[in-house]
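Engineer: Just so it is clear, I am handing over start23.cif, which has mmCIF, C-alpha atoms.
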```cif
data_my_file
#
loop_
_atom_site.label_atom_id
_atom_site.label_comp_id
_atom_site.auth_asym_id
_atom_site.auth_seq_id
_atom_site.Cartn_x
_atom_site.Cartn_y
_atom_site.Cartn_z
CA MET A 269 24.26 -37.97 -6.73
CA GLU A 270 21.12 -36.73 -8.44
CA ALA A 271 20.90 -33.10 -9.45
CA ILE A 272 18.80 -31.17 -7.01
CA GLN A 273 15.57 -29.83 -8.42
CA VAL A 274 14.73 -26.32 -7.36
CA ILE A 275 11.11 -25.24 -7.43
CA ASP A 276 10.65 -21.50 -7.54
CA ILE A 277 7.24 -21.23 -5.92
CA LYS A 278 6.76 -17.62 -6.95
CA GLN A 279 7.55 -18.35 -10.61
CA GLU A 280 5.19 -21.35 -10.49
CA VAL A 281 2.40 -19.24 -9.02
CA LEU A 282 2.92 -16.37 -11.47
CA SER A 283 3.10 -18.66 -14.48
CA ARG A 284 -0.06 -20.61 -13.51
CA ASN A 285 -1.79 -17.27 -12.90
CA LYS A 286 -0.71 -15.96 -16.31
CA GLY A 287 -2.17 -19.06 -18.00
CA LEU A 288 -5.60 -18.50 -16.45
CA ALA A 289 -5.41 -14.74 -17.10
CA ASP A 290 -4.82 -15.39 -20.82
CA GLU A 291 -7.83 -17.75 -20.92
CA LEU A 292 -9.99 -15.14 -19.18
CA ARG A 293 -8.89 -12.45 -21.63
CA ALA A 294 -9.84 -14.65 -24.60
CA GLN A 295 -13.27 -15.43 -23.09
CA LEU A 296 -13.99 -11.77 -22.37
CA GLU A 297 -12.93 -10.74 -25.87
CA GLU A 298 -15.38 -13.27 -27.30
CA LYS A 299 -18.13 -11.85 -25.08
CA ASN A 300 -17.18 -8.26 -25.95
CA VAL A 301 -16.59 -7.41 -22.31
CA PHE A 302 -13.78 -4.93 -21.59
CA LEU A 303 -12.04 -5.61 -18.25
CA LEU A 304 -10.03 -2.80 -16.60
CA ASN A 305 -7.70 -3.41 -13.63
CA LEU A 306 -7.46 -0.30 -11.42
CA MET A 307 -4.60 -0.21 -8.91
CA SER A 308 -3.22 2.27 -6.36
CA SER A 309 -2.15 2.84 -2.75
CA PRO A 310 -4.87 2.77 -0.09
CA GLY A 311 -6.87 5.99 -0.16
CA SER A 312 -5.74 7.29 -3.56
CA GLY A 313 -9.32 7.43 -4.82
CA LYS A 314 -9.98 4.18 -6.75
CA THR A 315 -13.64 4.05 -5.73
CA SER A 316 -14.15 7.75 -6.45
CA VAL A 317 -12.62 7.43 -9.93
CA ILE A 318 -14.84 4.40 -10.65
CA VAL A 319 -17.98 6.21 -9.44
CA GLU A 320 -17.18 9.36 -11.47
CA THR A 321 -16.45 7.25 -14.55
CA ILE A 322 -19.73 5.33 -14.17
CA ARG A 323 -21.63 8.64 -14.03
CA ARG A 324 -20.02 9.85 -17.27
CA LEU A 325 -20.08 6.59 -19.28
CA ARG A 326 -23.22 4.81 -18.09
CA ALA A 327 -25.27 6.18 -21.00
CA ARG A 328 -22.86 4.52 -23.42
CA PHE A 329 -21.77 1.29 -21.68
CA ARG A 330 -23.33 -1.28 -19.37
CA ILE A 331 -20.87 -1.21 -16.48
CA GLY A 332 -20.08 -3.64 -13.65
CA VAL A 333 -17.52 -3.57 -10.82
CA ILE A 334 -15.46 -6.19 -8.99
CA GLU A 335 -14.39 -4.82 -5.61
CA GLY A 336 -11.31 -6.39 -4.03
CA ASP A 337 -10.85 -5.87 -0.29
CA ILE A 338 -9.32 -7.65 2.66
CA GLU A 339 -12.72 -7.20 4.29
CA SER A 340 -15.69 -4.75 4.57
CA LEU A 341 -18.35 -3.71 2.05
CA VAL A 342 -17.50 0.03 2.13
CA ASP A 343 -16.55 0.31 -1.54
CA SER A 344 -19.06 -2.09 -3.08
CA GLN A 345 -21.87 -0.23 -1.31
CA LYS A 346 -20.72 3.06 -2.86
CA VAL A 347 -20.65 1.46 -6.31
CA ALA A 348 -23.99 -0.36 -5.85
CA ALA A 349 -25.52 2.99 -4.89
CA GLU A 350 -24.85 4.03 -8.51
CA GLY A 351 -27.15 1.22 -9.61
CA VAL A 352 -24.49 -0.92 -11.29
CA PRO A 353 -23.84 -4.58 -10.46
CA ALA A 354 -21.03 -4.94 -7.92
CA VAL A 355 -19.30 -8.10 -6.71
CA GLN A 356 -17.31 -7.92 -3.48
CA LEU A 357 -14.26 -10.19 -3.30
CA HIS A 358 -12.89 -10.71 0.19
CA THR A 359 -9.30 -11.89 -0.02
CA GLY A 360 -8.89 -12.72 3.66
CA GLY A 361 -5.29 -11.63 4.09
CA ALA A 362 -4.12 -11.56 0.47
CA CYS A 363 -2.58 -8.24 -0.61
CA HIS A 364 -3.51 -8.46 -4.31
CA LEU A 365 -6.07 -9.93 -6.68
CA ASP A 366 -5.11 -12.72 -9.07
CA ALA A 367 -6.74 -14.36 -12.08
CA PRO A 368 -8.51 -17.15 -10.10
CA MET A 369 -10.16 -14.55 -7.84
CA VAL A 370 -11.29 -12.44 -10.80
CA HIS A 371 -12.50 -15.61 -12.52
CA ALA A 372 -14.61 -16.46 -9.44
CA ALA A 373 -16.12 -12.97 -9.47
CA LEU A 374 -16.85 -12.98 -13.21
CA ARG A 375 -18.68 -16.32 -12.89
CA THR A 376 -21.29 -14.60 -10.71
CA MET A 377 -21.88 -11.81 -13.25
CA ASP A 378 -24.10 -11.82 -16.35
CA LEU A 379 -21.43 -11.10 -18.97
CA ASP A 380 -24.01 -10.84 -21.78
CA ALA A 381 -25.40 -7.79 -19.99
CA LEU A 382 -22.07 -5.98 -19.56
CA ASP A 383 -19.70 -3.98 -21.78
CA LEU A 384 -17.17 -2.68 -19.25
CA VAL A 385 -16.09 -4.20 -15.93
CA PHE A 386 -13.79 -2.45 -13.47
CA ILE A 387 -11.60 -4.40 -11.09
CA GLU A 388 -10.84 -2.30 -8.02
CA ASN A 389 -7.69 -4.02 -6.79
CA ILE A 390 -6.43 -4.14 -3.18
CA GLY A 391 -4.83 -0.83 -2.14
CA ASN A 392 -1.16 -1.74 -2.61
CA LEU A 393 1.58 -0.51 -4.97
CA VAL A 394 3.63 -3.72 -4.78
CA CYS A 395 2.10 -7.16 -5.50
CA PRO A 396 -0.88 -6.16 -7.67
CA ALA A 397 1.69 -5.04 -10.29
CA GLU A 398 2.95 -8.63 -10.60
CA PHE A 399 -0.36 -10.46 -11.05
CA ASP A 400 -2.12 -10.51 -14.41
CA THR A 401 -5.88 -10.49 -13.73
CA GLY A 402 -6.95 -11.06 -17.33
CA ALA A 403 -7.74 -7.37 -17.80
CA ALA A 404 -7.43 -5.70 -21.21
CA LEU A 405 -6.18 -2.48 -19.61
CA LYS A 406 -4.13 -1.70 -16.51
CA VAL A 407 -4.55 1.73 -14.93
CA MET A 408 -3.01 3.12 -11.76
CA ILE A 409 -3.85 6.13 -9.62
CA LEU A 410 -1.29 8.21 -7.77
CA SER A 411 -2.78 10.89 -5.54
CA VAL A 412 -1.00 14.21 -5.03
CA PRO A 413 -0.59 13.85 -1.24
CA GLU A 414 1.41 10.62 -1.72
CA GLY A 415 4.25 12.57 -3.31
CA ASP A 416 5.94 12.56 -6.71
CA ASP A 417 8.76 10.23 -5.53
CA LYS A 418 6.57 7.10 -5.43
CA ILE A 419 7.68 6.28 -8.97
CA LEU A 420 11.24 5.90 -7.67
CA LYS A 421 10.19 3.53 -4.92
CA TYR A 422 7.54 1.40 -6.62
CA PRO A 423 8.80 1.43 -10.23
CA LEU A 424 7.28 -1.90 -11.30
CA MET A 425 3.72 -0.61 -10.86
CA PHE A 426 4.44 2.52 -12.92
CA SER A 427 6.19 0.49 -15.61
CA VAL A 428 3.36 -2.03 -16.25
CA VAL A 429 0.37 0.32 -16.59
CA ASP A 430 -1.30 1.68 -19.73
CA ALA A 431 -2.39 4.86 -17.97
CA LEU A 432 -1.57 6.86 -14.85
CA ILE A 433 -4.30 8.95 -13.25
CA VAL A 434 -2.88 11.67 -10.98
CA ASN A 435 -5.80 12.24 -8.61
CA LYS A 436 -6.59 14.79 -5.87
CA LEU A 437 -5.26 17.61 -8.02
CA ASP A 438 -7.18 19.97 -5.72
CA TYR A 439 -4.48 19.29 -3.08
CA LEU A 440 -1.75 20.63 -5.40
CA PRO A 441 -1.68 24.20 -3.99
CA HIS A 442 -1.06 22.74 -0.49
CA SER A 443 1.64 20.33 -1.65
CA ASP A 444 5.18 20.31 -3.08
CA PHE A 445 4.21 17.66 -5.64
CA ASP A 446 6.12 18.27 -8.91
CA LEU A 447 3.98 17.17 -11.88
CA GLY A 448 6.78 17.91 -14.34
CA ALA A 449 9.25 15.70 -12.47
CA LEU A 450 6.71 12.86 -12.32
CA ARG A 451 5.97 13.11 -16.05
CA GLU A 452 9.69 13.12 -16.88
CA ARG A 453 10.37 10.05 -14.70
CA LEU A 454 7.40 8.21 -16.20
CA ARG A 455 8.52 9.05 -19.73
CA ARG A 456 11.84 7.31 -19.05
CA LEU A 457 10.24 4.28 -17.32
CA ASN A 458 7.12 3.76 -19.42
CA ALA A 459 6.94 6.03 -22.46
CA HIS A 460 3.63 4.66 -23.77
CA ALA A 461 1.61 5.34 -20.59
CA GLU A 462 -1.07 8.01 -20.92
CA VAL A 463 -1.23 10.55 -18.05
CA PHE A 464 -4.45 12.11 -16.72
CA GLU A 465 -4.50 14.86 -14.10
CA VAL A 466 -7.85 14.81 -12.32
CA SER A 467 -9.72 15.78 -9.19
CA CYS A 468 -12.75 13.72 -8.25
CA ARG A 469 -13.72 16.51 -5.86
CA THR A 470 -13.83 19.31 -8.45
CA GLY A 471 -14.39 17.15 -11.54
CA ALA A 472 -11.28 18.56 -13.26
CA GLY A 473 -9.77 16.33 -15.93
CA LEU A 474 -12.40 13.60 -15.72
CA GLU A 475 -13.93 14.31 -19.14
CA ARG A 476 -10.58 13.76 -20.88
CA TRP A 477 -10.02 10.48 -18.98
CA CYS A 478 -13.51 9.21 -19.80
CA GLU A 479 -13.20 10.16 -23.46
CA TRP A 480 -9.89 8.26 -23.71
CA LEU A 481 -11.39 5.23 -21.96
CA ARG A 482 -14.46 5.34 -24.21
CA GLN A 483 -12.24 5.17 -27.28
CA ARG A 484 -10.22 2.28 -25.82
CA VAL A 485 -13.36 0.27 -25.03
CA GLU A 486 -14.97 0.95 -28.42
CA SER A 487 -11.85 0.11 -30.41
CA ALA A 488 -11.19 -3.13 -28.48
CA MET B 33 -3.92 -45.35 2.26
CA GLU B 34 -1.73 -43.00 4.21
CA ALA B 35 -3.25 -39.81 5.60
CA ILE B 36 -2.33 -36.88 3.42
CA GLN B 37 -0.09 -34.34 5.07
CA VAL B 38 -1.00 -30.75 4.39
CA ILE B 39 1.69 -28.12 4.69
CA ASP B 40 0.36 -24.63 5.17
CA ILE B 41 3.25 -22.66 3.68
CA LYS B 42 2.05 -19.35 5.06
CA GLN B 43 1.76 -20.71 8.61
CA GLU B 44 5.22 -22.30 8.26
CA VAL B 45 6.71 -19.01 7.06
CA LEU B 46 5.01 -16.95 9.76
CA SER B 47 5.96 -19.35 12.52
CA ARG B 48 9.62 -19.57 11.45
CA ASN B 49 9.66 -15.77 11.20
CA LYS B 50 8.19 -15.43 14.69
CA GLY B 51 10.94 -17.67 16.12
CA LEU B 52 13.70 -15.50 14.69
CA ALA B 53 11.86 -12.31 15.70
CA ASP B 54 11.71 -13.51 19.33
CA GLU B 55 15.46 -14.26 19.25
CA LEU B 56 16.17 -10.81 17.82
CA ARG B 57 14.04 -9.15 20.50
CA ALA B 58 15.95 -10.97 23.25
CA GLN B 59 19.33 -9.97 21.75
CA LEU B 60 18.29 -6.34 21.42
CA GLU B 61 16.99 -6.23 24.98
CA GLU B 62 20.34 -7.52 26.21
CA LYS B 63 22.10 -4.80 24.19
CA ASN B 64 19.64 -2.14 25.38
CA VAL B 65 18.66 -1.28 21.83
CA PHE B 66 15.03 -0.27 21.30
CA LEU B 67 13.69 -1.33 17.89
CA LEU B 68 10.61 0.41 16.47
CA ASN B 69 8.73 -0.88 13.41
CA LEU B 70 7.06 1.98 11.51
CA MET B 71 4.41 1.01 8.97
CA SER B 72 1.98 2.84 6.64
CA SER B 73 0.69 3.22 3.07
CA PRO B 74 3.08 4.65 0.48
CA GLY B 75 3.41 8.39 0.90
CA SER B 76 1.91 8.72 4.40
CA GLY B 77 5.08 10.31 5.74
CA LYS B 78 7.17 7.55 7.35
CA THR B 79 10.47 9.17 6.41
CA SER B 80 9.27 12.63 7.50
CA VAL B 81 8.15 11.32 10.90
CA ILE B 82 11.50 9.56 11.36
CA VAL B 83 13.46 12.69 10.40
CA GLU B 84 11.38 14.93 12.71
CA THR B 85 11.76 12.44 15.56
CA ILE B 86 15.53 12.24 15.06
CA ARG B 87 15.74 16.04 15.29
CA ARG B 88 13.83 16.09 18.60
CA LEU B 89 15.40 13.02 20.28
CA ARG B 90 18.98 12.98 19.00
CA ALA B 91 20.26 14.82 22.07
CA ARG B 92 18.91 12.01 24.26
CA PHE B 93 19.35 8.84 22.18
CA ARG B 94 21.85 7.48 19.67
CA ILE B 95 19.56 6.71 16.74
CA GLY B 96 19.86 4.48 13.67
CA VAL B 97 17.50 3.67 10.82
CA ILE B 98 16.79 0.59 8.68
CA GLU B 99 15.12 1.65 5.44
CA GLY B 100 13.05 -0.97 3.65
CA ASP B 101 12.30 -0.36 -0.02
CA ILE B 102 11.65 -2.33 -3.17
CA GLU B 103 14.44 -0.25 -4.66
CA SER B 104 16.00 3.28 -4.64
CA LEU B 105 17.96 5.17 -1.98
CA VAL B 106 15.54 8.10 -1.72
CA ASP B 107 14.64 7.57 1.94
CA SER B 108 17.98 6.43 3.29
CA GLN B 109 19.62 9.50 1.76
CA LYS B 110 17.16 11.76 3.61
CA VAL B 111 17.90 9.98 6.88
CA ALA B 112 21.67 9.90 6.33
CA ALA B 113 21.53 13.67 5.72
CA GLU B 114 20.55 13.94 9.41
CA GLY B 115 23.89 12.37 10.29
CA VAL B 116 22.54 9.10 11.69
CA PRO B 117 23.57 5.64 10.49
CA ALA B 118 21.15 4.31 7.86
CA VAL B 119 21.00 0.85 6.31
CA GLN B 120 19.07 0.42 3.08
CA LEU B 121 17.36 -2.95 2.62
CA HIS B 122 16.29 -3.69 -0.94
CA THR B 123 13.63 -6.38 -0.93
CA GLY B 124 13.54 -6.93 -4.68
CA GLY B 125 9.83 -7.54 -5.06
CA ALA B 126 8.84 -8.37 -1.47
CA CYS B 127 6.00 -6.22 -0.12
CA HIS B 128 7.02 -6.36 3.55
CA LEU B 129 10.03 -6.72 5.83
CA ASP B 130 10.47 -9.87 7.91
CA ALA B 131 12.76 -10.88 10.79
CA PRO B 132 15.53 -12.38 8.59
CA MET B 133 15.78 -9.10 6.62
CA VAL B 134 15.91 -7.01 9.79
CA HIS B 135 18.48 -9.44 11.22
CA ALA B 136 20.65 -8.94 8.12
CA ALA B 137 20.44 -5.17 8.52
CA LEU B 138 21.19 -5.21 12.27
CA ARG B 139 24.31 -7.34 11.65
CA THR B 140 25.82 -4.43 9.71
CA MET B 141 25.14 -1.92 12.51
CA ASP B 142 27.19 -1.23 15.64
CA LEU B 143 24.56 -2.05 18.26
CA ASP B 144 26.82 -0.93 21.13
CA ALA B 145 26.64 2.59 19.68
CA LEU B 146 22.84 2.72 19.36
CA ASP B 147 19.88 3.22 21.72
CA LEU B 148 16.99 3.48 19.28
CA VAL B 149 16.62 1.96 15.81
CA PHE B 150 13.72 2.73 13.47
CA ILE B 151 12.59 0.24 10.86
CA GLU B 152 10.88 2.05 8.00
CA ASN B 153 8.82 -0.77 6.56
CA ILE B 154 7.65 -1.08 2.92
CA GLY B 155 4.71 1.23 2.17
CA ASN B 156 1.85 -1.27 2.46
CA LEU B 157 -1.08 -1.66 4.88
CA VAL B 158 -1.47 -5.41 4.33
CA CYS B 159 1.44 -7.84 4.75
CA PRO B 160 3.72 -5.82 7.07
CA ALA B 161 0.99 -6.24 9.72
CA GLU B 162 1.49 -10.01 9.66
CA PHE B 163 5.26 -10.19 9.99
CA ASP B 164 6.95 -9.77 13.37
CA THR B 165 10.28 -8.00 12.77
CA GLY B 166 11.58 -8.39 16.32
CA ALA B 167 10.64 -4.79 17.17
CA ALA B 168 9.68 -3.78 20.72
CA LEU B 169 7.09 -1.32 19.42
CA LYS B 170 4.83 -1.25 16.37
CA VAL B 171 3.63 2.13 15.14
CA MET B 172 1.57 2.98 12.08
CA ILE B 173 0.91 6.24 10.27
CA LEU B 174 -2.36 7.11 8.58
CA SER B 175 -2.29 10.38 6.65
CA VAL B 176 -5.40 12.57 6.44
CA PRO B 177 -5.70 12.44 2.61
CA GLU B 178 -6.01 8.63 2.73
CA GLY B 179 -9.40 8.93 4.44
CA ASP B 180 -10.81 7.81 7.79
CA ASP B 181 -12.30 4.61 6.32
CA LYS B 182 -8.94 2.83 5.95
CA ILE B 183 -9.48 1.25 9.38
CA LEU B 184 -12.53 -0.58 7.97
CA LYS B 185 -10.59 -1.92 5.01
CA TYR B 186 -7.21 -2.78 6.57
CA PRO B 187 -8.28 -3.68 10.13
CA LEU B 188 -5.40 -6.05 10.92
CA MET B 189 -2.80 -3.27 10.69
CA PHE B 190 -4.80 -1.01 13.02
CA SER B 191 -5.37 -3.86 15.47
CA VAL B 192 -1.72 -4.88 15.92
CA VAL B 193 -0.07 -1.50 16.55
CA ASP B 194 0.86 0.16 19.84
CA ALA B 195 0.37 3.65 18.43
CA LEU B 196 -1.33 5.35 15.50
CA ILE B 197 0.11 8.59 14.17
CA VAL B 198 -2.41 10.59 12.14
CA ASN B 199 -0.12 12.64 9.90
CA LYS B 200 -0.65 15.53 7.44
CA LEU B 201 -3.05 17.21 9.83
CA ASP B 202 -2.46 20.41 7.81
CA TYR B 203 -4.63 18.84 5.06
CA LEU B 204 -7.61 18.56 7.45
CA PRO B 205 -9.31 21.85 6.40
CA HIS B 206 -9.30 20.63 2.76
CA SER B 207 -10.59 17.15 3.61
CA ASP B 208 -13.72 15.40 4.95
CA PHE B 209 -11.59 13.23 7.26
CA ASP B 210 -13.49 12.60 10.53
CA LEU B 211 -11.01 12.30 13.43
CA GLY B 212 -13.79 11.46 15.89
CA ALA B 213 -15.04 8.57 13.74
CA LEU B 214 -11.49 7.20 13.38
CA ARG B 215 -10.86 7.37 17.14
CA GLU B 216 -14.17 5.63 17.89
CA ARG B 217 -13.45 2.83 15.40
CA LEU B 218 -9.93 2.39 16.77
CA ARG B 219 -11.22 2.27 20.36
CA ARG B 220 -13.40 -0.71 19.44
CA LEU B 221 -10.66 -2.49 17.44
CA ASN B 222 -7.58 -1.75 19.55
CA ALA B 223 -8.38 0.05 22.78
CA HIS B 224 -4.78 0.21 24.04
CA ALA B 225 -3.34 2.01 21.00
CA GLU B 226 -2.16 5.56 21.64
CA VAL B 227 -3.21 8.16 19.02
CA PHE B 228 -1.08 11.13 17.94
CA GLU B 229 -2.33 13.83 15.59
CA VAL B 230 0.64 15.47 13.89
CA SER B 231 1.78 17.49 10.92
CA CYS B 232 5.39 17.11 9.84
CA ARG B 233 4.95 20.26 7.75
CA THR B 234 3.85 22.56 10.61
CA GLY B 235 5.38 20.56 13.49
CA ALA B 236 2.02 20.27 15.26
CA GLY B 237 1.75 17.35 17.68
CA LEU B 238 5.33 16.13 17.25
CA GLU B 239 6.45 17.10 20.76
CA ARG B 240 3.75 14.92 22.36
CA TRP B 241 4.66 11.96 20.13
CA CYS B 242 8.38 12.34 20.89
CA GLU B 243 7.77 12.67 24.63
CA TRP B 244 5.67 9.49 24.63
CA LEU B 245 8.33 7.64 22.62
CA ARG B 246 11.09 8.90 24.95
CA GLN B 247 9.25 7.44 27.93
CA ARG B 248 8.71 4.12 26.14
CA VAL B 249 12.40 3.83 25.24
CA GLU B 250 13.61 4.82 28.70
CA SER B 251 11.26 2.47 30.54
CA ALA B 252 12.09 -0.50 28.30
#
```
Please, can you express the file's structure as structure tokens?

Structural biologist:
Amino acid sequence: MEAIQVIDIKQEVLSRNKGLADELRAQLEEKNVFLLNLMSSPGSGKTSVIVETIRRLRARFRIGVIEGDIESLVDSQKVAAEGVPAVQLHTGGACHLDAPMVHAALRTMDLDALDLVFIENIGNLVCPAEFDTGAALKVMILSVPEGDDKILKYPLMFSVVDALIVNKLDYLPHSDFDLGALRERLRRLNAHAEVFEVSCRTGAGLERWCEWLRQRVESA
Amino acid sequence: MEAIQVIDIKQEVLSRNKGLADELRAQLEEKNVFLLNLMSSPGSGKTSVIVETIRRLRARFRIGVIEGDIESLVDSQKVAAEGVPAVQLHTGGACHLDAPMVHAALRTMDLDALDLVFIENIGNLVCPAEFDTGAALKVMILSVPEGDDKILKYPLMFSVVDALIVNKLDYLPHSDFDLGALRERLRRLNAHAEVFEVSCRTGAGLERWCEWLRQRVESA
């Protein structure tokens, strides 16, 4: 009897995705375009962080945004209102963005006129962590009302990112969120990740985040 | 040349899942066990709602809980501390629960000793909406800090549920969340869904939710 061949569809999909992501990364490096993949739960403040970052870095970089959503134009309209080019990706039912989707979005953008492109991923702490989009930097947001235990329950996301933005810091007085416990858990899981405590409502912490990002983009 | 056969893997998976879910539902009806599928974003308060509901309905029903998580025992420990049977499902990387997983969990439970079983689904507003778990009732939580626009961005979830619990109402004074706008959007998308405004921190609204659930379980 012949040996049975087992095809692991997920591994196939991830490995094909990784191949295209690596190609994308090489192309973007050649064009001097810095691609940042921003991930979080629904409602953690991805669009707000992008808008606040645009306002602080637009004098230095030419910025564009790829908005990933199941449907609607809610987020891309907010970004377009800032006067930067925005591409809306509608995934239908897909719960994450992958390299082919980002590739399709980038093809519609004038890369010679851009220095920094944000990907706003689908609001989801699970699958986006597994799919390389070709980005040079992976950043996640955790908002205070979600609770400090999310790192225990969605560890992959926290372990793959280069930076963690703790957003909605203005909710801290009304919450039992333990910043020290989160930092300690992250240190054990992903020691190299930078942590930023911010509030898009009050503006707290955003300068430090933007300064760090500026340095990353300029040294890339 | 032969016609090419196209296999839509997602449709295959969903249809096989639906078959098992229907079987499960029939078995549970025969056993008089009411299964409730609770879904939401990470950190919206699924475990808190389950714990508060157990405290208010334990005198009337024998309650059990199936906890779905990528990993960790954080939630099942909280539920077990209430003295009810809890089964922890670890999905590895899967971003939703499906009927085979729920079936595996139910096999380990003594169904003759239970009236009401909660499924705490993976924190995710996308894929859990697509997978029938065999539950008699689908309920979602949206927490105030997530924002009232989530219904525009994750419409499938809002359209498939029998009830929407708006949790963390105690954050409302610190938020621009518009309850009227949410209710109006839900009315157009899913007119039959019941809405409950609650705070697990203050206890507000929980009696009305528990009374409604009691009636649903008893009339099933």

Engineer: Quick one, how far is CA of Cys242 (chain B) from CA of Ile86 (chain B)?

Structural biologist: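 Between these atoms lies a distance of 9.2 Å.
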
Engineer: Select, from B:Val149, B:Leu138, B:Val176, B:Ala113, the residue with the minimum atom-to-atom distance to Leu70 (chain B), counting all atoms listed in the file.

Structural biologist: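 Closest to Leu70 (chain B), using all atoms listed in the file: B:Val149.
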
Engineer: Choose the residue, out of A:Phe386, A:Gly311, A:Ala354, A:His442, that has the smallest atom-to-atom separation from Pro177 (chain B); count only C-alpha atoms.

Structural biologist: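 Ranked by minimum distance to Pro177 (chain B), first place goes to A:Gly311.
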
Engineer: Evaluated on this file, the PyMOL selection byres ((chain A) within 7 of (chain B)) picks out some residues - which ones are they, written as a PDB file with C-alpha atoms, in the frame of the given file?

Structural biologist:
```
ATOM      1  CA  SER A 309      -2.150   2.840  -2.750  1.00  0.00           C
ATOM      2  CA  PRO A 310      -4.870   2.770  -0.090  1.00  0.00           C
ATOM      3  CA  GLY A 311      -6.870   5.990  -0.160  1.00  0.00           C
ATOM      4  CA  SER A 312      -5.740   7.290  -3.560  1.00  0.00           C
ATOM      5  CA  ASP A 337     -10.850  -5.870  -0.290  1.00  0.00           C
ATOM      6  CA  ILE A 338      -9.320  -7.650   2.660  1.00  0.00           C
ATOM      7  CA  GLU A 339     -12.720  -7.200   4.290  1.00  0.00           C
ATOM      8  CA  SER A 340     -15.690  -4.750   4.570  1.00  0.00           C
ATOM      9  CA  CYS A 363      -2.580  -8.240  -0.610  1.00  0.00           C
ATOM     10  CA  ASN A 392      -1.160  -1.740  -2.610  1.00  0.00           C
ATOM     11  CA  VAL A 394       3.630  -3.720  -4.780  1.00  0.00           C
ATOM     12  CA  CYS A 395       2.100  -7.160  -5.500  1.00  0.00           C
ATOM     13  CA  PRO A 413      -0.590  13.850  -1.240  1.00  0.00           C
ATOM     14  CA  GLU A 414       1.410  10.620  -1.720  1.00  0.00           C
ATOM     15  CA  GLY A 415       4.250  12.570  -3.310  1.00  0.00           C
ATOM     16  CA  LEU A 420      11.240   5.900  -7.670  1.00  0.00           C
ATOM     17  CA  LYS A 421      10.190   3.530  -4.920  1.00  0.00           C
ATOM     18  CA  TYR A 422       7.540   1.400  -6.620  1.00  0.00           C
TER      19      TYR A 422
END
```

Engineer: Suppose you want the space between CA of Leu304 (chain A) and CA of Leu384 (chain A); what is it in Å?

Structural biologist: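 About the pair CA of Leu304 (chain A) and CA of Leu384 (chain A): they are 7.6 Å apart.
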
Engineer: Applying 12 Å and all atoms listed in the file, which residues near Arg328 (chain A) remain after dropping the ones on its own chain fewer than 2 positions away? List them as a ChimeraX atom specification.

Structural biologist: /A:321-326,330-331,382-384,478-479,481-483,485-486

Engineer: Applied to this file, what does the PyMOL selection byres ((chain A and resi 402) around 12) return in terms of residues, put as a PyMOL selection string?

Structural biologist: chain A and resi 285-297+301-305+365-371+374+385-387+399-401+403-406

Engineer: Keeping only C-alpha atoms, write the selected residues to a file as a tab-separated table (two decimals), in the coordinates of the input.

Structural biologist:
```tsv
chain	number	residue	atom	x	y	z
A	285	ASN	CA	-1.79	-17.27	-12.90
A	286	LYS	CA	-0.71	-15.96	-16.31
A	287	GLY	CA	-2.17	-19.06	-18.00
A	288	LEU	CA	-5.60	-18.50	-16.45
A	289	ALA	CA	-5.41	-14.74	-17.10
A	290	ASP	CA	-4.82	-15.39	-20.82
A	291	GLU	CA	-7.83	-17.75	-20.92
A	292	LEU	CA	-9.99	-15.14	-19.18
A	293	ARG	CA	-8.89	-12.45	-21.63
A	294	ALA	CA	-9.84	-14.65	-24.60
A	295	GLN	CA	-13.27	-15.43	-23.09
A	296	LEU	CA	-13.99	-11.77	-22.37
A	297	GLU	CA	-12.93	-10.74	-25.87
A	301	VAL	CA	-16.59	-7.41	-22.31
A	302	PHE	CA	-13.78	-4.93	-21.59
A	303	LEU	CA	-12.04	-5.61	-18.25
A	304	LEU	CA	-10.03	-2.80	-16.60
A	305	ASN	CA	-7.70	-3.41	-13.63
A	365	LEU	CA	-6.07	-9.93	-6.68
A	366	ASP	CA	-5.11	-12.72	-9.07
A	367	ALA	CA	-6.74	-14.36	-12.08
A	368	PRO	CA	-8.51	-17.15	-10.10
A	369	MET	CA	-10.16	-14.55	-7.84
A	370	VAL	CA	-11.29	-12.44	-10.80
A	371	HIS	CA	-12.50	-15.61	-12.52
A	374	LEU	CA	-16.85	-12.98	-13.21
A	385	VAL	CA	-16.09	-4.20	-15.93
A	386	PHE	CA	-13.79	-2.45	-13.47
A	387	ILE	CA	-11.60	-4.40	-11.09
A	399	PHE	CA	-0.36	-10.46	-11.05
A	400	ASP	CA	-2.12	-10.51	-14.41
A	401	THR	CA	-5.88	-10.49	-13.73
A	403	ALA	CA	-7.74	-7.37	-17.80
A	404	ALA	CA	-7.43	-5.70	-21.21
A	405	LEU	CA	-6.18	-2.48	-19.61
A	406	LYS	CA	-4.13	-1.70	-16.51
```

Engineer: Please identify all polymer residues within 7 Å of Leu201 (chain B), counting all atoms listed in the file, omitting same-chain residues fewer than 5 positions from it, and present them as a ChimeraX atom specification.

Structural biologist: /B:176,229-231

Engineer: Given the choices B:Val193, B:Ile98, B:Val111, B:Leu218, which gets closest to Arg139 (chain B) if the distance is worked out from only C-alpha atoms?

Structural biologist: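 Of B:Val193, B:Ile98, B:Val111, B:Leu218, the one nearest Arg139 (chain B) is B:Ile98, counting only C-alpha atoms.
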
Engineer: Between CA of Cys468 (chain A) and CA of Val317 (chain A), what is the spacing in Å?

Structural biologist: 6.5 Å

Engineer: Point out the residue among B:Thr140, B:Ser108, B:Ser47, B:Thr79 with the least atom-to-atom distance to Gln120 (chain B), counting all atoms listed in the file.

Structural biologist: B:Ser108
